[in-house]
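Chemist: Just query_14.csv, nothing more (CSV, C-alpha atoms):
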chain,number,residue,atom,x,y,z
E,1,MET,CA,-35.2,33.1,-10.1
E,2,ASN,CA,-37.8,35.7,-9.1
E,3,ILE,CA,-40.5,34.3,-11.4
E,4,LEU,CA,-39.5,30.7,-10.7
E,5,SER,CA,-39.8,31.2,-7.0
E,6,PHE,CA,-43.5,32.2,-7.5
E,7,PHE,CA,-44.3,29.4,-9.9
E,8,ASN,CA,-45.2,26.9,-7.2
E,9,TYR,CA,-47.5,29.4,-5.5
E,10,TRP,CA,-49.3,30.2,-8.8
E,11,ALA,CA,-49.7,26.6,-9.7
E,12,VAL,CA,-51.2,26.0,-6.3
E,13,ILE,CA,-53.6,28.9,-6.8
E,14,LEU,CA,-54.6,27.6,-10.2
E,15,LEU,CA,-55.3,24.1,-8.8
E,16,MET,CA,-57.3,25.5,-6.0
E,17,MET,CA,-59.4,27.6,-8.3
E,18,ILE,CA,-60.0,24.5,-10.5
E,19,GLY,CA,-61.3,22.6,-7.5
E,20,TYR,CA,-63.4,25.6,-6.4
E,21,TYR,CA,-64.9,26.0,-9.9
E,22,GLY,CA,-65.6,22.3,-9.9
E,23,MET,CA,-67.4,22.5,-6.6
E,24,ILE,CA,-69.6,25.4,-7.8
E,25,VAL,CA,-70.4,24.2,-11.3
E,26,CYS,CA,-70.7,20.4,-11.1
E,27,GLY,CA,-74.2,19.4,-10.2
E,28,ASN,CA,-73.1,15.8,-9.7
E,29,MET,CA,-72.2,15.1,-6.0
E,30,ILE,CA,-69.3,12.8,-6.7
E,31,LYS,CA,-67.7,15.5,-9.0
E,32,LYS,CA,-68.3,18.0,-6.1
E,33,ILE,CA,-66.4,15.7,-3.7
E,34,ILE,CA,-63.6,15.3,-6.2
E,35,GLY,CA,-63.5,19.1,-6.6
E,36,LEU,CA,-63.2,19.4,-2.8
E,37,ALA,CA,-60.3,16.9,-2.8
E,38,ILE,CA,-58.5,18.9,-5.5
E,39,PHE,CA,-59.0,22.1,-3.4
E,40,GLN,CA,-57.5,20.3,-0.4
E,41,THR,CA,-54.5,18.9,-2.2
E,42,ALA,CA,-53.7,22.4,-3.4
E,43,ALA,CA,-53.4,23.5,0.2
E,44,PHE,CA,-51.2,20.5,0.9
E,45,ILE,CA,-48.8,21.5,-1.9
E,46,LEU,CA,-48.6,25.1,-0.6
E,47,PHE,CA,-47.6,23.8,2.9
E,48,ILE,CA,-45.1,21.3,1.6
E,49,SER,CA,-43.5,23.9,-0.7
E,50,ALA,CA,-43.2,26.2,2.3
E,51,GLY,CA,-41.3,23.4,4.1
E,52,LYS,CA,-38.8,22.8,1.3
E,53,VAL,CA,-35.2,24.2,1.6
E,54,ILE,CA,-33.3,24.2,-1.6
E,55,GLY,CA,-30.4,21.8,-1.2
E,56,GLY,CA,-32.0,20.2,1.8
E,57,ALA,CA,-32.7,16.5,2.4
E,58,THR,CA,-35.7,14.4,3.5
E,59,PRO,CA,-35.9,14.9,7.3
E,60,ILE,CA,-34.6,11.5,8.3
E,61,LEU,CA,-31.4,11.7,10.3
E,62,ARG,CA,-28.4,10.3,8.4
E,63,GLU,CA,-24.6,10.6,8.4
E,64,GLY,CA,-23.1,13.3,6.4
E,65,ILE,CA,-26.1,15.5,5.8
E,66,ALA,CA,-26.1,19.0,7.3
E,67,LEU,CA,-29.3,20.6,5.9
E,68,TYR,CA,-32.7,19.1,6.2
E,69,SER,CA,-36.1,20.4,5.0
E,70,ASN,CA,-38.5,21.5,7.7
E,71,PRO,CA,-40.3,18.5,9.2
E,72,LEU,CA,-43.2,20.5,10.7
E,73,PRO,CA,-45.3,21.2,7.6
E,74,HIS,CA,-44.9,17.5,6.7
E,75,VAL,CA,-46.4,16.5,10.1
E,76,LEU,CA,-49.3,18.9,9.6
E,77,ILE,CA,-50.1,17.7,6.1
E,78,LEU,CA,-49.8,14.0,7.1
E,79,THR,CA,-52.6,14.7,9.6
E,80,ALA,CA,-54.6,16.8,7.0
E,81,ILE,CA,-54.5,14.0,4.3
E,82,VAL,CA,-56.0,11.5,6.7
E,83,VAL,CA,-58.7,13.9,7.9
E,84,GLY,CA,-59.4,14.8,4.2
E,85,VAL,CA,-60.1,11.1,3.5
E,86,ALA,CA,-62.5,11.0,6.5
E,87,THR,CA,-64.3,14.0,5.1
E,88,THR,CA,-64.5,12.3,1.7
E,89,ALA,CA,-65.9,9.1,3.3
E,90,VAL,CA,-68.7,11.1,5.1
E,91,GLY,CA,-69.5,13.0,1.9
E,92,LEU,CA,-69.8,9.7,-0.1
E,93,ALA,CA,-72.0,8.1,2.6
E,94,LEU,CA,-74.3,11.2,2.3
E,95,THR,CA,-74.3,10.8,-1.5
E,96,VAL,CA,-75.4,7.2,-1.2
E,97,ARG,CA,-78.3,8.2,1.2
E,98,ILE,CA,-79.3,11.0,-1.2
E,99,TYR,CA,-79.4,8.6,-4.1
E,100,GLU,CA,-81.6,6.2,-2.1
E,101,ALA,CA,-84.0,9.0,-1.1
E,102,PHE,CA,-84.2,10.8,-4.5
E,103,ASP,CA,-82.9,8.3,-7.1
E,104,THR,CA,-80.5,10.9,-8.4
E,105,ILE,CA,-77.3,12.5,-7.2
E,106,ASP,CA,-77.6,15.6,-9.4
E,107,ASP,CA,-78.2,19.0,-7.6
E,108,ASP,CA,-80.5,20.5,-10.2
E,109,ALA,CA,-82.5,17.3,-10.6
E,110,ILE,CA,-83.1,17.3,-6.8
E,111,ASP,CA,-84.1,21.0,-7.0
E,112,THR,CA,-86.7,20.2,-9.7
E,113,LEU,CA,-88.0,17.3,-7.7
E,114,GLU,CA,-88.5,19.6,-4.7
E,115,ASP,CA,-90.3,22.2,-6.9
E,116,ASP,CA,-92.7,19.6,-8.4
E,117,LYS,CA,-94.0,18.7,-4.9
G,1,MET,CA,-44.9,18.1,-12.9
G,2,LEU,CA,-47.1,20.9,-11.6
G,3,LEU,CA,-48.2,21.5,-15.2
G,4,LEU,CA,-49.2,17.8,-15.5
G,5,LEU,CA,-51.2,18.2,-12.3
G,6,LEU,CA,-53.1,21.2,-13.8
G,7,VAL,CA,-53.9,19.2,-17.0
G,8,VAL,CA,-55.1,16.2,-15.1
G,9,ALA,CA,-57.2,18.3,-12.7
G,10,LEU,CA,-58.9,20.0,-15.7
G,11,ALA,CA,-59.5,16.6,-17.3
G,12,VAL,CA,-61.2,15.4,-14.1
G,13,LEU,CA,-63.4,18.4,-14.2
G,14,PHE,CA,-64.5,18.0,-17.9
G,15,THR,CA,-65.1,14.2,-18.2
G,16,ARG,CA,-68.7,13.3,-18.0
G,17,ASP,CA,-68.0,9.7,-17.3
G,18,LEU,CA,-67.6,9.4,-13.5
G,19,LEU,CA,-65.5,6.3,-13.7
G,20,LYS,CA,-63.0,8.1,-15.9
G,21,ALA,CA,-63.0,11.0,-13.5
G,22,THR,CA,-62.3,8.7,-10.6
G,23,LEU,CA,-59.4,7.0,-12.3
G,24,LEU,CA,-58.0,10.4,-13.5
G,25,PHE,CA,-58.2,11.5,-9.9
G,26,ALA,CA,-56.2,8.5,-8.8
G,27,ILE,CA,-53.5,9.6,-11.4
G,28,TYR,CA,-53.7,13.1,-10.0
G,29,SER,CA,-53.1,11.8,-6.4
G,30,LEU,CA,-50.1,9.7,-7.6
G,31,THR,CA,-48.6,12.7,-9.4
G,32,ILE,CA,-49.0,14.7,-6.2
G,33,ALA,CA,-47.3,11.9,-4.3
G,34,ALA,CA,-44.3,12.1,-6.7
G,35,LEU,CA,-44.3,15.9,-6.3
G,36,PHE,CA,-44.1,15.5,-2.5
G,37,ALA,CA,-41.2,13.1,-2.9
G,38,VAL,CA,-39.4,15.7,-5.0
G,39,LEU,CA,-40.1,18.3,-2.3
G,40,ASP,CA,-38.3,16.2,0.3
G,41,ALA,CA,-41.5,15.0,2.0
G,42,GLY,CA,-41.1,11.2,1.9
G,43,ASP,CA,-43.6,10.4,4.6
G,44,VAL,CA,-46.2,12.6,3.1
G,45,ALA,CA,-45.6,11.1,-0.3
G,46,LEU,CA,-46.1,7.6,1.0
G,47,THR,CA,-49.3,8.6,2.8
G,48,GLU,CA,-50.7,10.4,-0.2
G,49,ALA,CA,-50.0,7.4,-2.4
G,50,ALA,CA,-51.6,5.0,0.0
G,51,VAL,CA,-54.5,7.0,1.4
G,52,GLY,CA,-55.2,9.6,-1.4
G,53,ALA,CA,-54.6,7.4,-4.4
G,54,GLY,CA,-55.6,4.1,-2.7
G,55,ILE,CA,-58.4,4.5,-0.2
G,56,SER,CA,-60.2,7.5,-1.7
G,57,THR,CA,-60.3,5.8,-5.1
G,58,ILE,CA,-61.7,2.6,-3.6
G,59,LEU,CA,-64.3,4.6,-1.7
G,60,ILE,CA,-65.4,6.5,-4.8
G,61,LEU,CA,-65.5,3.3,-6.9
G,62,ALA,CA,-67.6,1.6,-4.2
G,63,VAL,CA,-70.1,4.4,-4.4
G,64,LEU,CA,-70.1,4.4,-8.2
G,65,ALA,CA,-71.2,0.7,-8.0
G,66,LEU,CA,-74.4,2.0,-6.4
G,67,VAL,CA,-75.1,5.3,-8.3
G,68,PRO,CA,-75.4,5.9,-12.1
G,69,ARG,CA,-72.1,6.2,-13.9
G,70,HIS,CA,-72.7,9.1,-16.2
G,71,GLU,CA,-73.4,12.6,-15.1
G,72,LYS,CA,-76.0,14.7,-16.7
G,73,ARG,CA,-74.4,18.0,-17.8
G,74,LEU,CA,-76.4,21.1,-17.0
G,75,PHE,CA,-74.1,24.0,-17.9
G,76,GLY,CA,-76.4,27.0,-17.3
G,77,HIS,CA,-74.9,29.1,-14.7
G,78,ASN,CA,-71.1,28.9,-15.1
G,79,ILE,CA,-70.4,32.6,-16.1
G,80,PRO,CA,-71.1,33.9,-12.6
G,81,ALA,CA,-69.1,31.0,-11.1
G,82,LEU,CA,-66.2,31.8,-13.5
G,83,ILE,CA,-66.3,35.4,-12.3
G,84,ILE,CA,-66.3,34.5,-8.7
G,85,VAL,CA,-63.4,32.0,-9.2
G,86,PHE,CA,-61.5,34.6,-11.3
G,87,ILE,CA,-61.8,37.3,-8.6
G,88,THR,CA,-60.8,34.9,-5.8
G,89,GLY,CA,-57.8,33.7,-7.9
G,90,ALA,CA,-56.7,37.3,-8.7
G,91,ALA,CA,-56.9,38.2,-5.0
G,92,LEU,CA,-54.7,35.1,-4.1
G,93,VAL,CA,-52.2,36.0,-6.8
G,94,TYR,CA,-52.0,39.5,-5.5
G,95,ALA,CA,-51.4,38.0,-2.0
G,96,SER,CA,-48.8,35.6,-3.3
G,97,PHE,CA,-46.4,38.5,-3.9
G,98,ASP,CA,-46.1,38.8,-0.1
G,99,LEU,CA,-45.0,35.1,0.3
G,100,PRO,CA,-41.4,34.4,1.0
G,101,VAL,CA,-39.0,33.2,-1.8
G,102,PHE,CA,-39.4,29.4,-2.4
G,103,GLY,CA,-36.8,27.2,-0.8
G,104,ASP,CA,-34.8,29.9,1.0
G,105,PRO,CA,-33.3,28.6,4.3
G,106,ASN,CA,-33.9,32.0,6.0
G,107,ASN,CA,-37.7,31.9,5.5
G,108,PRO,CA,-39.8,32.6,8.6
G,109,VAL,CA,-40.9,28.9,8.6
G,110,HIS,CA,-37.4,27.6,9.0
G,111,VAL,CA,-36.0,30.0,11.6
G,112,HIS,CA,-38.7,29.4,14.2
G,113,VAL,CA,-39.3,26.1,16.0
G,114,GLY,CA,-38.4,23.8,13.1
G,115,GLN,CA,-34.7,24.1,13.9
G,116,TYR,CA,-35.2,22.6,17.4
G,117,TYR,CA,-36.7,19.4,15.9
G,118,THR,CA,-33.9,18.9,13.4
G,119,GLN,CA,-31.2,19.4,16.1
G,120,ASN,CA,-32.7,17.7,19.1
G,121,THR,CA,-35.0,14.9,17.9
G,122,TYR,CA,-32.4,12.2,18.2
G,123,ALA,CA,-31.3,13.2,21.6
G,124,ASP,CA,-34.9,13.6,22.9
G,125,MET,CA,-36.6,10.6,21.3
G,126,GLY,CA,-34.0,8.3,19.7
G,127,VAL,CA,-35.9,8.1,16.5
G,128,PRO,CA,-34.1,9.1,13.3
G,129,ASN,CA,-37.3,10.0,11.4
G,130,MET,CA,-38.2,13.5,12.5
G,131,VAL,CA,-41.7,13.4,11.0
G,132,ALA,CA,-42.6,10.3,12.9
G,133,ALA,CA,-41.0,11.6,16.1
G,134,VAL,CA,-43.0,14.8,16.0
G,135,LEU,CA,-46.2,13.1,15.0
G,136,ALA,CA,-46.1,10.3,17.6
G,137,SER,CA,-43.9,11.6,20.4
G,138,TYR,CA,-43.8,15.4,20.7
G,139,ARG,CA,-47.4,15.9,19.4
G,140,SER,CA,-48.9,12.5,20.3
G,141,ILE,CA,-51.9,14.1,22.1
G,142,ASP,CA,-52.7,16.0,18.9
G,143,THR,CA,-52.4,12.8,16.9
G,144,MET,CA,-54.9,11.2,19.3
G,145,GLY,CA,-57.2,14.2,18.4
G,146,GLU,CA,-56.8,13.2,14.8
G,147,ALA,CA,-57.8,9.7,15.7
G,148,VAL,CA,-60.9,11.1,17.4
G,149,VAL,CA,-61.8,12.9,14.2
G,150,ILE,CA,-61.5,9.7,12.2
G,151,LEU,CA,-63.6,7.8,14.8
G,152,THR,CA,-66.3,10.5,14.5
G,153,ALA,CA,-66.2,10.2,10.7
G,154,GLY,CA,-66.6,6.5,11.0
G,155,ILE,CA,-69.5,6.8,13.4
G,156,GLY,CA,-71.1,9.3,11.0
G,157,VAL,CA,-70.7,6.9,8.0
G,158,PHE,CA,-72.0,4.1,10.1
G,159,ALA,CA,-75.1,6.1,11.3
G,160,LEU,CA,-75.9,7.1,7.7
G,161,LEU,CA,-75.5,3.6,6.2
G,162,SER,CA,-76.4,1.2,9.0
G,163,VAL,CA,-80.1,1.2,8.4
G,164,PRO,CA,-80.9,-1.8,6.2
G,165,VAL,CA,-81.6,-0.8,2.6
G,166,ARG,CA,-85.1,-2.3,2.4
G,167,ARG,CA,-86.3,-0.3,5.5
G,168,ARG,CA,-84.8,2.9,4.1
G,169,ARG,CA,-86.5,2.3,0.7
G,170,GLN,CA,-89.8,1.6,2.5
G,171,SER,CA,-89.7,4.7,4.6
G,172,SER,CA,-88.9,6.9,1.7
G,173,THR,CA,-91.8,5.4,-0.4
G,174,THR,CA,-94.2,5.8,2.5
G,175,ARG,CA,-93.1,9.3,2.9
G,176,ALA,CA,-93.6,10.0,-0.8
G,177,SER,CA,-97.1,8.4,-0.7
G,178,GLU,CA,-98.1,10.4,2.4
G,179,GLU,CA,-97.0,13.5,0.6
G,180,ASP,CA,-99.0,12.5,-2.5
G,181,SER,CA,-102.1,11.9,-0.4
G,182,SER,CA,-101.7,15.2,1.5
G,183,SER,CA,-101.3,17.2,-1.8
As structure tokens, what does this structure read like?
Modeler:
Amino acid sequence: MNILSFFNYWAVILLMMIGYYGMIVCGNMIKKIIGLAIFQTAAFILFISAGKVIGGATPILREGIALYSNPLPHVLILTAIVVGVATTAVGLALTVRIYEAFDTIDDDAIDTLEDDK
Amino acid sequence: MLLLLLVVALAVLFTRDLLKATLLFAIYSLTIAALFAVLDAGDVALTEAAVGAGISTILILAVLALVPRHEKRLFGHNIPALIIVFITGAALVYASFDLPVFGDPNNPVHVHVGQYYTQNTYADMGVPNMVAAVLASYRSIDTMGEAVVILTAGIGVFALLSVPVRRRRQSSTTRASEEDSSS
């Protein structure tokens, strides 16, 4: 029980670190944006796990159910998912502009272009 | 399911084909939606499936139609990055021992204001879905703030992409030629 209760948290941390590593290492901007999205979803899972009550039910009122999971983290994450997509959209628009200006979406390639000038 | 998530996330990171990475990311979002459903968050699962797996994938695919599909791999500097990531991860694991036990009804999250919503939502609002009631009734002003964020993002995307492509191309080539002549 003790180890199992931490399994969710550790999986969240691993996912978050995968996203973080992707953002640092991948030169490609689309991969960077996907890494950011993975990082975000890790935070979402952490919040949703915090709202879970073992033996609880989905927080929609019904007959014959006494224990519900906590609805507040769900509301928070609902908002965060939508805002996350807005962030992704702005990042992708920036990517398109960078590609039009530099003809590449690779970080290092843009660096060498700048150095050549 | 969490293990599957980890595998898919790693696969996303290590494919060089961006189309494959995008589709793997869609699978990742759907798996997360299933995980949310298991964790009693039905509304969040639906939103993640529609917005995360649907709209994000469509947006990335639309951008992939404009930019090259394959990434050029330049793996020079990943040892320092690995060290940074490892240190951060170790710090987080160390902090995770202070987190409450998973799923215990006496956790601090559940004994505070959450109880009020589970007990009084129907009497206050007449809506059986607590998540919808909190989002649209108790906290409707905050949700309007969220709408403002989305509007701002929309304006940002529009401002970045509204200039016709030909004019943008021209301005960048003239800028390049000016820089050539100055150097």
Chemist: In file coordinates, which residues lie within 12 Å of (-42.5, 20.4, 0.0) using only C-alpha atoms, given as a ChimeraX atom specification?
Modeler: /E:8-9,42-54,56-59,68-77 /G:32-45,102-103
Chemist: Output C-alpha atoms for every residue in the selection just made, as a PDB file, keeping the file's coordinate frame.
Modeler:
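Writing done, so here's out37.pdb:
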ATOM      1  CA  ASN E   8     -45.200  26.900  -7.200  1.00  0.00           C
ATOM      2  CA  TYR E   9     -47.500  29.400  -5.500  1.00  0.00           C
ATOM      3  CA  ALA E  42     -53.700  22.400  -3.400  1.00  0.00           C
ATOM      4  CA  ALA E  43     -53.400  23.500   0.200  1.00  0.00           C
ATOM      5  CA  PHE E  44     -51.200  20.500   0.900  1.00  0.00           C
ATOM      6  CA  ILE E  45     -48.800  21.500  -1.900  1.00  0.00           C
ATOM      7  CA  LEU E  46     -48.600  25.100  -0.600  1.00  0.00           C
ATOM      8  CA  PHE E  47     -47.600  23.800   2.900  1.00  0.00           C
ATOM      9  CA  ILE E  48     -45.100  21.300   1.600  1.00  0.00           C
ATOM     10  CA  SER E  49     -43.500  23.900  -0.700  1.00  0.00           C
ATOM     11  CA  ALA E  50     -43.200  26.200   2.300  1.00  0.00           C
ATOM     12  CA  GLY E  51     -41.300  23.400   4.100  1.00  0.00           C
ATOM     13  CA  LYS E  52     -38.800  22.800   1.300  1.00  0.00           C
ATOM     14  CA  VAL E  53     -35.200  24.200   1.600  1.00  0.00           C
ATOM     15  CA  ILE E  54     -33.300  24.200  -1.600  1.00  0.00           C
ATOM     16  CA  GLY E  56     -32.000  20.200   1.800  1.00  0.00           C
ATOM     17  CA  ALA E  57     -32.700  16.500   2.400  1.00  0.00           C
ATOM     18  CA  THR E  58     -35.700  14.400   3.500  1.00  0.00           C
ATOM     19  CA  PRO E  59     -35.900  14.900   7.300  1.00  0.00           C
ATOM     20  CA  TYR E  68     -32.700  19.100   6.200  1.00  0.00           C
ATOM     21  CA  SER E  69     -36.100  20.400   5.000  1.00  0.00           C
ATOM     22  CA  ASN E  70     -38.500  21.500   7.700  1.00  0.00           C
ATOM     23  CA  PRO E  71     -40.300  18.500   9.200  1.00  0.00           C
ATOM     24  CA  LEU E  72     -43.200  20.500  10.700  1.00  0.00           C
ATOM     25  CA  PRO E  73     -45.300  21.200   7.600  1.00  0.00           C
ATOM     26  CA  HIS E  74     -44.900  17.500   6.700  1.00  0.00           C
ATOM     27  CA  VAL E  75     -46.400  16.500  10.100  1.00  0.00           C
ATOM     28  CA  LEU E  76     -49.300  18.900   9.600  1.00  0.00           C
ATOM     29  CA  ILE E  77     -50.100  17.700   6.100  1.00  0.00           C
TER      30      ILE E  77
ATOM     31  CA  ILE G  32     -49.000  14.700  -6.200  1.00  0.00           C
ATOM     32  CA  ALA G  33     -47.300  11.900  -4.300  1.00  0.00           C
ATOM     33  CA  ALA G  34     -44.300  12.100  -6.700  1.00  0.00           C
ATOM     34  CA  LEU G  35     -44.300  15.900  -6.300  1.00  0.00           C
ATOM     35  CA  PHE G  36     -44.100  15.500  -2.500  1.00  0.00           C
ATOM     36  CA  ALA G  37     -41.200  13.100  -2.900  1.00  0.00           C
ATOM     37  CA  VAL G  38     -39.400  15.700  -5.000  1.00  0.00           C
ATOM     38  CA  LEU G  39     -40.100  18.300  -2.300  1.00  0.00           C
ATOM     39  CA  ASP G  40     -38.300  16.200   0.300  1.00  0.00           C
ATOM     40  CA  ALA G  41     -41.500  15.000   2.000  1.00  0.00           C
ATOM     41  CA  GLY G  42     -41.100  11.200   1.900  1.00  0.00           C
ATOM     42  CA  ASP G  43     -43.600  10.400   4.600  1.00  0.00           C
ATOM     43  CA  VAL G  44     -46.200  12.600   3.100  1.00  0.00           C
ATOM     44  CA  ALA G  45     -45.600  11.100  -0.300  1.00  0.00           C
ATOM     45  CA  PHE G 102     -39.400  29.400  -2.400  1.00  0.00           C
ATOM     46  CA  GLY G 103     -36.800  27.200  -0.800  1.00  0.00           C
TER      47      GLY G 103
END
Chemist: Please list as a ChimeraX atom specification every residue within 12 Å of Thr152 in chain G, counting all atoms listed in the file and excluding residues in the same chain fewer than 4 positions away.
Modeler: /E:83,86-87,89-90 /G:145-148,156-159
Chemist: Taking 4 positions as the minimum chain separation for residues in the same chain, which residues sit within 8 Å of Met16 in chain E when counting all atoms listed in the file? Answer as a ChimeraX atom specification.
Modeler: /E:12,20,38-40,42-43
Chemist: Could the residues in this selection be saved with C-alpha atoms as a PDB file, in the frame of the given file?
Modeler:
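Everything below was put into again38.pdb:
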ATOM      1  CA  VAL E  12     -51.200  26.000  -6.300  1.00  0.00           C
ATOM      2  CA  TYR E  20     -63.400  25.600  -6.400  1.00  0.00           C
ATOM      3  CA  ILE E  38     -58.500  18.900  -5.500  1.00  0.00           C
ATOM      4  CA  PHE E  39     -59.000  22.100  -3.400  1.00  0.00           C
ATOM      5  CA  GLN E  40     -57.500  20.300  -0.400  1.00  0.00           C
ATOM      6  CA  ALA E  42     -53.700  22.400  -3.400  1.00  0.00           C
ATOM      7  CA  ALA E  43     -53.400  23.500   0.200  1.00  0.00           C
TER       8      ALA E  43
END
Chemist: Counting only C-alpha atoms, which of E:Ala109, E:Leu15, E:Met23, E:Ala66 gets nearest to chain G?
Modeler: E:Leu15
Chemist: Taking all atoms listed in the file into account, name the residue in E:Ile105, E:Ala80, E:Val25, E:Ala93 that is nearest to Ala37 in chain E.
Modeler: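 For Ala37 in chain E, the nearest of the given residues is E:Ala80.
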